[in-house]
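A short worksheet on the structure shown next.
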Amino acid sequence: MQGFDAAKINEIIRKASEGSRFYQHKQQAQQKLDAKIKEMLHTAQQMSPQLLEKATKKMEAVALECEAGRDLSRTIVHVDMDMFYAAVEMRDQPNLKDVPMAVGGNSMLSTSNYIARKFGVRAGMPGFIARQLCPALVLVPPNFSKYKAVSRVVEQVFAIYDPNYAMMSLDEAYLDITDYMEANADAYQAKSEVDNETLAEAIVREMRLKIQEATQLTASAGIAANTRLAKVCSDLNKPNGQYYLPSDTRAIMDFINKLPIRKISGIGNVTEQQLKALGITLCGQIRPNYGLLRLLFSDCSLDYFVRISLGLGETDLSNYTSGEQKSISTETTFTGTSCKQKLMQMVSDLSIELHGDMKKKGLVGKLVTLKTKTVNFVLKTRSMALGEPTSDPEVMGKVARKLLIAEMEKCPVDEPLSLRLLGVRMSNLSEEASSGRAKQTTISKMFEKQTVSAGRESSSNYCLVTESVAREVQAFHD
DNA sequence: GCGGATCAC
DNA sequence: CATGGTGATCCGC
């Protein structure tokens, strides 16, 4: 089996990227971050021991309070389908099973199979670089309606174990199986004793098997006292595995203390670098640095860091499912252009598309935001509030165009605004006014589910079908 | 409140 | 030749 070591992979990626505007922008961003970190370290150096001690005490007080609220009573499961999109395609096209393949396009991969990963082909990587890493790579365009349909099947399995499961995306969910465990303990008694497993482990193993029977796809799972820990655990025995972290404080602290901070959801590349500069790479190194952190980060971050350092996390899944949508947007990337006519036309088209999405969800909004990305990858947003909420494509388009013109006029004539991305977003959302319209929205929603689960191919097709049929149904009601 | 930054998927 | 789209949240000003 052919494959590359990390050094070789990085070399190929560097050669393919080097010199591109994307790479240049990325390096600029990194320099900015380096400067910010340097400044942070400078601040840290000037802290007096007294100040540090005081800050440490305050943080310890917060930690004490958090510790008092520790809830070990729930059993939370994080389930994650293995290389989901790629797995679906491999299932449906057996010739893809033993070749390196990825789902995505020339500009971006959503996921790759394990053969492709040996060559360094990863999610988030552009297709043209992936091909350089692995010339034999088979690229499969994504088929989201199919993935949605598969996801619905998986959801039905989730519902058995927790009717209030929280889907986080098409291939990921949290479940609280505490009630199921209590209600079904007896049924699993023999099974879990034979395999020397806890009740939770036996239940989750069975759930993963049910998913596999229903979809021919494998899933991995993490079992722990809260969502933060469960999420980390689901990654540990991937693919087709599970990891159980017992719900006692000692076990949790042993686990968290040696865990790299980057494994925590919410700690990304930037935060990792910042913390690394402070000598923090493991979660266990957060608490000894409480004072330092308190003097460098905001209150909000501090609370977050304290909870991570104690292995605390969310235990109430309704916090994931109850929220209302806060913004809705459409954006598109294209080959860079400074042609004003083209750019203006695209903004109008985006507004129409956005209107369609808002209509489907019965949403209206008050704040229009235009998003731009220059050919040098510099992002900007400009927004303007409306007098009253709307989803009217003309109104949204007019305001968005106005914002675009203002940006174009800021540029000197000899250096016109040259863009590679445009986006329109609506926020300050509310529900579309009721009366006859709301009814139609509801009916559209009902029909959407049926259409999608029937596996309709093109989303634009489905859109047309949905709306025309919804109108008929509405006419019938009238 | 706005715009930039960060993050997840 | 060439690096996505959607939504959320936090921070500084």
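Ordered as shown in the structure tokens, chains take letters A, B, and onward, while each chain numbers its residues from 1 and ligands are numbered from 1 in the order shown.
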
Note to self: Using only C-alpha atoms (C1' of nucleotides), I'd like every residue of chain A that has an atom within 7 Å of chain C; please write them out as a list in words.
What the structure shows: Phe22, Ser107, Met108, Pro126, Phe128, Ser327, Ser329 and Glu331 of chain A

Saved selection, atoms kept: C-alpha atoms, as a compact mmCIF listing (two decimals), in the first residue's frame:
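So the final result, stored in result28.txt, reads:
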# COMPACT_ATOMS: atom_id res chain seq x y z
CA PHE A 22 -4.46 32.54 -0.86
CA SER A 107 -11.94 23.85 -4.87
CA MET A 108 -12.91 22.02 -1.69
CA PRO A 126 -8.88 21.87 -2.30
CA PHE A 128 -6.50 20.29 -7.11
CA SER A 327 -29.39 34.89 10.54
CA SER A 329 -27.45 34.05 4.16
CA GLU A 331 -22.91 33.61 -0.74

Can you check which parts of chain A lie within 8 Å of chain B? Per residue, the shortest pair of atoms and distance in Å to one decimal, counting only C-alpha atoms (C1' of nucleotides), sorted by chain and number, as a Markdown table.
| residue | atom | partner | partner_atom | distance |
| --- | --- | --- | --- | --- |
| A:Ser169 | CA | B:DC9 | C1' | 6.8 |
| A:Ser265 | CA | B:DA8 | C1' | 7.9 |
| A:Gly266 | CA | B:DC7 | C1' | 6.0 |
| A:Ile267 | CA | B:DC7 | C1' | 7.6 |
| A:Gly268 | CA | B:DC7 | C1' | 6.4 |
| A:Val270 | CA | B:DT6 | C1' | 7.5 |
| A:Lys380 | CA | B:DG3 | C1' | 7.7 |
| A:Thr381 | CA | B:DG3 | C1' | 6.4 |
| A:Arg382 | CA | B:DG3 | C1' | 7.4 |
| A:Ser383 | CA | B:DC2 | C1' | 7.8 |

Output the selection as a short mmCIF file (atom, residue, chain, number, x, y, z; two decimals), in the first residue's frame - N, CA and C atoms for each residue.
data_model
loop_
_atom_site.label_atom_id
_atom_site.label_comp_id
_atom_site.auth_asym_id
_atom_site.auth_seq_id
_atom_site.Cartn_x
_atom_site.Cartn_y
_atom_site.Cartn_z
N SER A 169 -25.44 18.19 12.97
CA SER A 169 -25.24 18.30 11.52
C SER A 169 -25.83 17.01 10.94
N SER A 265 -13.77 21.09 21.60
CA SER A 265 -14.56 21.81 20.61
C SER A 265 -14.64 23.29 21.00
N GLY A 266 -14.23 24.16 20.10
CA GLY A 266 -14.22 25.58 20.40
C GLY A 266 -12.80 26.13 20.46
N ILE A 267 -11.81 25.23 20.73
CA ILE A 267 -10.41 25.63 20.67
C ILE A 267 -9.90 25.34 19.27
N GLY A 268 -9.69 26.38 18.51
CA GLY A 268 -9.24 26.21 17.13
C GLY A 268 -7.77 26.55 16.98
N VAL A 270 -6.20 29.33 16.20
CA VAL A 270 -5.72 30.59 16.79
C VAL A 270 -5.56 30.47 18.31
N LYS A 380 -14.79 41.49 4.03
CA LYS A 380 -15.42 42.68 4.62
C LYS A 380 -16.92 42.43 4.72
N THR A 381 -17.55 43.01 5.72
CA THR A 381 -19.02 43.01 5.77
C THR A 381 -19.49 44.45 6.00
N ARG A 382 -20.59 44.78 5.34
CA ARG A 382 -21.21 46.11 5.49
C ARG A 382 -22.71 45.90 5.64
N SER A 383 -23.30 46.54 6.64
CA SER A 383 -24.72 46.29 6.86
C SER A 383 -25.53 47.56 6.99
#

Notebook entry, point to check: Out of stretch 184-264 of chain A, which residues get helix (DSSP H, G or I) from DSSP, as number ranges by chain?
Noted result: A: 184-194, 199-215, 227-234, 249-257, 261-263

Produce a file of the selected residues containing N, CA and C atoms, as a compact mmCIF listing (two decimals), in the first residue's frame.
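Contents of the output file part_8.txt:
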# COMPACT_ATOMS: atom_id res chain seq x y z
N ASN A 184 -34.62 0.48 30.79
CA ASN A 184 -34.31 -0.78 30.12
C ASN A 184 -33.14 -1.55 30.73
N ALA A 185 -32.78 -1.21 31.95
CA ALA A 185 -31.61 -1.83 32.58
C ALA A 185 -31.68 -3.35 32.54
N ASP A 186 -32.83 -3.90 32.88
CA ASP A 186 -32.97 -5.36 32.97
C ASP A 186 -32.67 -6.05 31.65
N ALA A 187 -33.16 -5.46 30.57
CA ALA A 187 -33.02 -6.09 29.26
C ALA A 187 -31.57 -6.26 28.83
N TYR A 188 -30.70 -5.43 29.37
CA TYR A 188 -29.30 -5.47 28.93
C TYR A 188 -28.40 -6.20 29.94
N GLN A 189 -29.00 -6.60 31.05
CA GLN A 189 -28.22 -7.19 32.15
C GLN A 189 -27.28 -8.29 31.67
N ALA A 190 -27.87 -9.32 31.04
CA ALA A 190 -27.09 -10.48 30.61
C ALA A 190 -26.03 -10.08 29.60
N LYS A 191 -26.45 -9.30 28.63
CA LYS A 191 -25.57 -8.87 27.54
C LYS A 191 -24.32 -8.15 28.06
N SER A 192 -24.54 -7.20 28.95
CA SER A 192 -23.40 -6.42 29.40
C SER A 192 -22.49 -7.22 30.32
N GLU A 193 -23.05 -8.21 31.03
CA GLU A 193 -22.20 -9.03 31.91
C GLU A 193 -21.27 -9.92 31.09
N VAL A 194 -21.82 -10.51 30.04
CA VAL A 194 -21.01 -11.38 29.19
C VAL A 194 -19.81 -10.62 28.61
N LEU A 199 -23.68 -0.82 31.43
CA LEU A 199 -24.97 -0.71 30.76
C LEU A 199 -24.92 0.29 29.61
N ALA A 200 -24.33 1.45 29.88
CA ALA A 200 -24.25 2.49 28.83
C ALA A 200 -23.51 1.98 27.61
N GLU A 201 -22.40 1.29 27.83
CA GLU A 201 -21.62 0.78 26.71
C GLU A 201 -22.41 -0.23 25.90
N ALA A 202 -23.12 -1.11 26.58
CA ALA A 202 -23.91 -2.13 25.87
C ALA A 202 -25.01 -1.48 25.03
N ILE A 203 -25.64 -0.47 25.59
CA ILE A 203 -26.71 0.23 24.86
C ILE A 203 -26.15 0.94 23.63
N VAL A 204 -25.04 1.63 23.80
CA VAL A 204 -24.47 2.38 22.68
C VAL A 204 -23.95 1.42 21.60
N ARG A 205 -23.39 0.31 22.02
CA ARG A 205 -22.91 -0.68 21.06
C ARG A 205 -24.08 -1.19 20.22
N GLU A 206 -25.19 -1.44 20.90
CA GLU A 206 -26.38 -1.89 20.19
C GLU A 206 -26.91 -0.81 19.24
N MET A 207 -26.89 0.43 19.70
CA MET A 207 -27.36 1.53 18.85
C MET A 207 -26.51 1.63 17.59
N ARG A 208 -25.22 1.52 17.73
CA ARG A 208 -24.33 1.61 16.56
C ARG A 208 -24.59 0.45 15.60
N LEU A 209 -24.89 -0.70 16.17
CA LEU A 209 -25.22 -1.86 15.33
C LEU A 209 -26.52 -1.61 14.57
N LYS A 210 -27.49 -1.02 15.26
CA LYS A 210 -28.77 -0.71 14.59
C LYS A 210 -28.58 0.29 13.46
N ILE A 211 -27.72 1.26 13.69
CA ILE A 211 -27.42 2.23 12.63
C ILE A 211 -26.82 1.51 11.43
N GLN A 212 -25.92 0.58 11.72
CA GLN A 212 -25.25 -0.14 10.64
C GLN A 212 -26.24 -1.03 9.88
N GLU A 213 -27.14 -1.66 10.61
CA GLU A 213 -28.14 -2.50 9.95
C GLU A 213 -29.06 -1.66 9.07
N ALA A 214 -29.41 -0.50 9.56
CA ALA A 214 -30.36 0.35 8.83
C ALA A 214 -29.73 1.06 7.63
N THR A 215 -28.42 1.32 7.70
CA THR A 215 -27.81 2.16 6.66
C THR A 215 -26.61 1.51 5.97
N THR A 227 -21.65 16.88 27.23
CA THR A 227 -21.43 16.91 25.78
C THR A 227 -19.96 17.18 25.43
N ARG A 228 -19.30 18.03 26.20
CA ARG A 228 -17.92 18.36 25.87
C ARG A 228 -17.04 17.11 25.91
N LEU A 229 -17.21 16.34 26.96
CA LEU A 229 -16.40 15.13 27.11
C LEU A 229 -16.83 14.05 26.10
N ALA A 230 -18.14 13.91 25.91
CA ALA A 230 -18.64 12.89 24.99
C ALA A 230 -18.10 13.13 23.58
N LYS A 231 -18.04 14.40 23.21
CA LYS A 231 -17.55 14.77 21.88
C LYS A 231 -16.08 14.35 21.71
N VAL A 232 -15.28 14.62 22.71
CA VAL A 232 -13.87 14.22 22.64
C VAL A 232 -13.78 12.69 22.54
N CYS A 233 -14.58 12.01 23.34
CA CYS A 233 -14.53 10.55 23.39
C CYS A 233 -14.91 9.88 22.07
N SER A 234 -15.84 10.50 21.34
CA SER A 234 -16.30 9.86 20.10
C SER A 234 -15.18 9.81 19.06
N THR A 249 -15.61 12.02 39.22
CA THR A 249 -14.75 13.19 39.11
C THR A 249 -13.28 12.80 38.92
N ARG A 250 -12.84 11.76 39.64
CA ARG A 250 -11.44 11.35 39.53
C ARG A 250 -11.10 10.92 38.10
N ALA A 251 -11.95 10.06 37.54
CA ALA A 251 -11.71 9.57 36.18
C ALA A 251 -11.73 10.72 35.18
N ILE A 252 -12.66 11.63 35.37
CA ILE A 252 -12.77 12.77 34.45
C ILE A 252 -11.53 13.66 34.53
N MET A 253 -11.06 13.92 35.74
CA MET A 253 -9.88 14.77 35.89
C MET A 253 -8.63 14.11 35.30
N ASP A 254 -8.47 12.81 35.52
CA ASP A 254 -7.33 12.10 34.92
C ASP A 254 -7.38 12.21 33.40
N PHE A 255 -8.59 12.10 32.88
CA PHE A 255 -8.78 12.15 31.43
C PHE A 255 -8.48 13.54 30.88
N ILE A 256 -9.05 14.54 31.51
CA ILE A 256 -8.95 15.90 30.99
C ILE A 256 -7.53 16.46 31.14
N ASN A 257 -6.87 16.10 32.23
CA ASN A 257 -5.56 16.68 32.50
C ASN A 257 -4.54 16.38 31.42
N ILE A 261 -5.40 20.58 24.48
CA ILE A 261 -6.49 21.56 24.43
C ILE A 261 -7.17 21.62 23.06
N ARG A 262 -6.40 21.32 22.03
CA ARG A 262 -6.93 21.42 20.66
C ARG A 262 -8.07 20.43 20.42
N LYS A 263 -8.14 19.39 21.26
CA LYS A 263 -9.20 18.38 21.10
C LYS A 263 -10.55 18.92 21.55

Notebook entry, point to check: Hey, what does DSSP flag as strand (DSSP E) within stretch 33-153 of chain A? Can you give it to me as a count of residues only?
Noted result: 17

Check: When distances are computed from only C-alpha atoms, which of A:Asn95, A:Leu245, A:Met358, A:Leu403 shows the smallest separation from A:Leu72?
Finding: A:Leu245

Check: What separation in Å, quoted to one decimal, exists between atom CA of A:Asp82 and atom CA of A:Lys238?
Finding: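 One can read the atom CA of A:Asp82 to atom CA of A:Lys238 distance as 7.3 Å.
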
Checklist line | 9 Å contact set for A:Ala102, only C-alpha atoms (C1' of nucleotides), chain neighbours under 4 positions out, as a list of chain:residue names | finding: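 Surrounding residues, per the criterion: A:Tyr85, A:Ala86, A:Leu109, A:Ser110, A:Thr111, A:Ser112, A:Asn113, A:Ala116, A:Val121, A:Arg122, A:Ala123, A:Gly127, A:Ala130, A:Leu137, A:Val138, A:Leu139, A:Val140, A:Pro141.
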
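By only C-alpha atoms (C1' of nucleotides), and with residues fewer than 4 positions from stretch 302-312 of chain A along its chain excluded, the set lying at most 7 Å from it is Ala63, Arg70, Ile252, Met253, Ile256, Cys283, Gly284, Ile286, Arg287, Arg294, Phe297 and Ser298 of chain A.
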
Dump as an mmCIF file, in the first residue's frame, selection limited to C-alpha atoms:
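What ended up in again-v5.cif:
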data_model
loop_
_atom_site.group_PDB
_atom_site.id
_atom_site.type_symbol
_atom_site.label_atom_id
_atom_site.label_comp_id
_atom_site.auth_asym_id
_atom_site.auth_seq_id
_atom_site.Cartn_x
_atom_site.Cartn_y
_atom_site.Cartn_z
ATOM 1 C CA ALA A 63 -13.628 27.229 39.760
ATOM 2 C CA ARG A 70 -20.918 19.633 38.595
ATOM 3 C CA ILE A 252 -12.769 12.774 34.453
ATOM 4 C CA MET A 253 -9.878 14.774 35.887
ATOM 5 C CA ILE A 256 -8.953 15.905 30.992
ATOM 6 C CA CYS A 283 -6.017 20.928 29.517
ATOM 7 C CA GLY A 284 -4.241 20.092 32.765
ATOM 8 C CA ILE A 286 -4.939 25.555 32.376
ATOM 9 C CA ARG A 287 -5.489 25.539 36.125
ATOM 10 C CA ARG A 294 -7.437 35.986 33.874
ATOM 11 C CA PHE A 297 -8.490 37.053 28.367
ATOM 12 C CA SER A 298 -12.072 38.288 28.617
#

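Note that atom CA of A:Gly397 and atom CA of A:Phe334 are 18.9 Å apart.
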
Next item on the list: Using atom CA of A:Thr315 and atom CA of A:Ala173 as the two end points, give the distance in Å to one decimal.
Entry: 13.7 Å
